[in-house]
Each structure stands twice: as structure tokens, then as C-alpha cells.
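Participant: Pasting a structure here, questions to come.
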Amino acid sequence: MAIKKHAEEDSSKSKIVSSEHLASSGTWHMSEFEYGLITANNAFNRWITRCMAAAGYTDFSPLDVLVLHNVNHRNRPKRLVDICFVLHIEDQHTVNYSLKKLVKGDLVMREKRGKEIFYQTTDRGRAACEAYREVREKCLVSALGSLDREDSEVSESATLLRLMSGMFDQAARAASSL
């Protein structure tokens, strides 16, 4: 029994986690995944703001960039609630603030239809998305080819992230009821 515990302790030392005190026996893989999410989230946020700045649009938060790309998606007008739903954001006021900032920057326009407000990218907003795409192709997509990974591996990783996000959502609902 002591040998098994010692082996478990040794293997736990090689794990990369942000909060070792949260990992109980047999759950190190989840702590590793959570740490991977933390670092990936921070790197992704840094990337999208720097990519947007390289495209010529500074002073935008990661959320501003995500909202702009979502509004531009499929060139269809979108409501605040639709943007929040797709981006999986609970706090609508944060998205509303980003929309106001994008409208003020002439990247997005708003149109009232009855009681609803729809948002759509302006010509300047579409140009910003295109400039972002060009920087993305040059700096990110070209580097992806050097990883020597199959496209299916990246797709499988995306599927795993979506599945795990569902688990985190369910856990959040369960924690809210405690």
C-alpha cells in the first residue's frame, strides 16, 4: 500500500497543474486539463488583441475582437442575445459594452427593427476582419503547418474542448445549487 502511494506521489510531481492542492488521487489529469485551459485562454486572449493591433486596430479587448468577428460572421445582422448565445457569455452587459465601443469605432452599426436592435459590420468593420484574417494567416496558420499534426488532430481537440465545456457548464449549475 505504501509503495503504491509513493509511486502515485512521484507521478504527481511530474504533472503540470496550477493548483496542486485541488488535485486528489486519480484526478491529476483533470488538473492538468484545467491548467492547459488557463494558459491557452490567456495566450489566446493575448493573441487576438495583438493580431487586431497588427491589423491596425488598437485598444480593443479580447471580447471586443470576438464580438466583432461574431457580428461579421455570415454577413447577417445579429441581436445582442444571439451574440451572447453563440459566444457562450452570460453577462450581456459586457457584450453590450463591446458593441457600443465597436459602434463608436464605426466597425459595427446598429439598426432598430420594432423593439429589437440588430448589429451588423460596416464596410470598415469588414475591412478590419479581413486585415485580421491576413495577419492570422501570416502569423498563426502558417506556423500550424510546422507542428507536423494532422488536421483531424486539431478538429478532435476542438471537439474535446466543446465536450469539456459542457461538463464545466453542468458542474457550474450543480455548484450553484449547493
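Convention: chains lettered A, B, ... in C-alpha cells order; per-chain residue numbering from 1; ligands numbered from 1 as shown.
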Identify, with DSSP run on backbone atoms, the residues in chain A assigned to strand (DSSP E), and express the list as a list of chain:residue names.

Facilitator: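 Filtering chain A down to strand (DSSP E) leaves A:Lys78, A:Arg79, A:Val108, A:Met109, A:Arg110, A:Glu111, A:Lys112, A:Arg113, A:Glu116, A:Ile117, A:Phe118, A:Tyr119, A:Gln120, A:Thr121.
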
Participant: Keeping only N, CA and C atoms, write the selected residues as an mmCIF file, in the first residue's frame.

Facilitator:
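As a result, selection_37.cif now contains:
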data_model
loop_
_atom_site.group_PDB
_atom_site.id
_atom_site.type_symbol
_atom_site.label_atom_id
_atom_site.label_comp_id
_atom_site.auth_asym_id
_atom_site.auth_seq_id
_atom_site.Cartn_x
_atom_site.Cartn_y
_atom_site.Cartn_z
ATOM 1 N N LYS A 78 -27.281 40.563 -36.320
ATOM 2 C CA LYS A 78 -27.458 39.743 -35.113
ATOM 3 C C LYS A 78 -27.934 40.592 -33.950
ATOM 4 N N ARG A 79 -28.708 39.973 -33.082
ATOM 5 C CA ARG A 79 -29.165 40.630 -31.854
ATOM 6 C C ARG A 79 -28.176 40.354 -30.739
ATOM 7 N N VAL A 108 -19.093 48.566 -36.410
ATOM 8 C CA VAL A 108 -20.409 47.916 -36.349
ATOM 9 C C VAL A 108 -21.469 49.001 -36.371
ATOM 10 N N MET A 109 -22.586 48.680 -37.010
ATOM 11 C CA MET A 109 -23.721 49.606 -36.981
ATOM 12 C C MET A 109 -24.897 48.891 -36.332
ATOM 13 N N ARG A 110 -25.788 49.676 -35.776
ATOM 14 C CA ARG A 110 -26.979 49.109 -35.144
ATOM 15 C C ARG A 110 -28.204 49.593 -35.890
ATOM 16 N N GLU A 111 -29.203 48.732 -35.933
ATOM 17 C CA GLU A 111 -30.459 49.061 -36.617
ATOM 18 C C GLU A 111 -31.614 48.567 -35.755
ATOM 19 N N LYS A 112 -32.519 49.465 -35.455
ATOM 20 C CA LYS A 112 -33.681 49.090 -34.654
ATOM 21 C C LYS A 112 -34.786 48.599 -35.592
ATOM 22 N N ARG A 113 -35.314 47.431 -35.284
ATOM 23 C CA ARG A 113 -36.435 46.837 -36.032
ATOM 24 C C ARG A 113 -37.508 46.494 -35.012
ATOM 25 N N GLU A 116 -36.567 45.357 -31.345
ATOM 26 C CA GLU A 116 -35.267 44.696 -31.311
ATOM 27 C C GLU A 116 -34.201 45.526 -32.016
ATOM 28 N N ILE A 117 -32.968 45.384 -31.545
ATOM 29 C CA ILE A 117 -31.821 46.047 -32.164
ATOM 30 C C ILE A 117 -30.935 44.971 -32.780
ATOM 31 N N PHE A 118 -30.596 45.184 -34.035
ATOM 32 C CA PHE A 118 -29.725 44.270 -34.758
ATOM 33 C C PHE A 118 -28.405 44.960 -35.046
ATOM 34 N N TYR A 119 -27.327 44.175 -35.018
ATOM 35 C CA TYR A 119 -25.987 44.697 -35.260
ATOM 36 C C TYR A 119 -25.408 44.033 -36.494
ATOM 37 N N GLN A 120 -24.670 44.831 -37.250
ATOM 38 C CA GLN A 120 -24.045 44.332 -38.470
ATOM 39 C C GLN A 120 -22.736 45.091 -38.674
ATOM 40 N N THR A 121 -21.760 44.439 -39.290
ATOM 41 C CA THR A 121 -20.498 45.129 -39.522
ATOM 42 C C THR A 121 -20.662 46.172 -40.622
#

Participant: Got a sec: who's within 9 Å of Arg133 in chain A, counting only C-alpha atoms, leaving out chain neighbours fewer than 4 positions off, as a count of residues only?

Facilitator: 6

Participant: Report, in Å with one decimal, the straight-line distance from CA of Ala43 in chain A to CA of Thr58 in chain A.

Facilitator: 17.6 Å

Participant: Please identify all polymer residues within 7 Å of range 14-18 of chain A, counting only C-alpha atoms, omitting same-chain residues fewer than 5 positions from it, and present them as a ChimeraX atom specification.

Facilitator: /A:31-32,35

Participant: How would the residues just chosen look if you wrote them out with C-alpha atoms as a PDB file, in the first residue's frame?

Facilitator:
ATOM      1  CA  SER A  31      -6.000  19.439 -13.011  1.00  0.00           C
ATOM      2  CA  GLU A  32      -3.620  19.234 -15.965  1.00  0.00           C
ATOM      3  CA  TYR A  35      -4.133  24.349 -16.248  1.00  0.00           C
TER       4      TYR A  35
END

Participant: Which distance in Å separates CA of Asn72 in chain A and CA of Leu140 in chain A, to one decimal?

Facilitator: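 CA of Asn72 in chain A sits 20.4 Å away from CA of Leu140 in chain A.
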
Participant: Write down as number ranges by chain the residues belonging to chain A that are assigned helix (DSSP H, G or I) by DSSP computed on the backbone.

Facilitator: A: 2-13, 20-22, 28-54, 62-75, 80-87, 92-104, 123-147, 151-176

Participant: Which of these residues is nearest to Val65 in chain A, using only C-alpha atoms: A:Tyr132, A:His29, A:Cys84, A:Leu22?

Facilitator: A:Tyr132

Participant: Work out how far apart CA of Leu144 in chain A and CA of Met167 in chain A are and give it in Å to one decimal.

Facilitator: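 Separation of CA of Leu144 in chain A and CA of Met167 in chain A: 28.1 Å.
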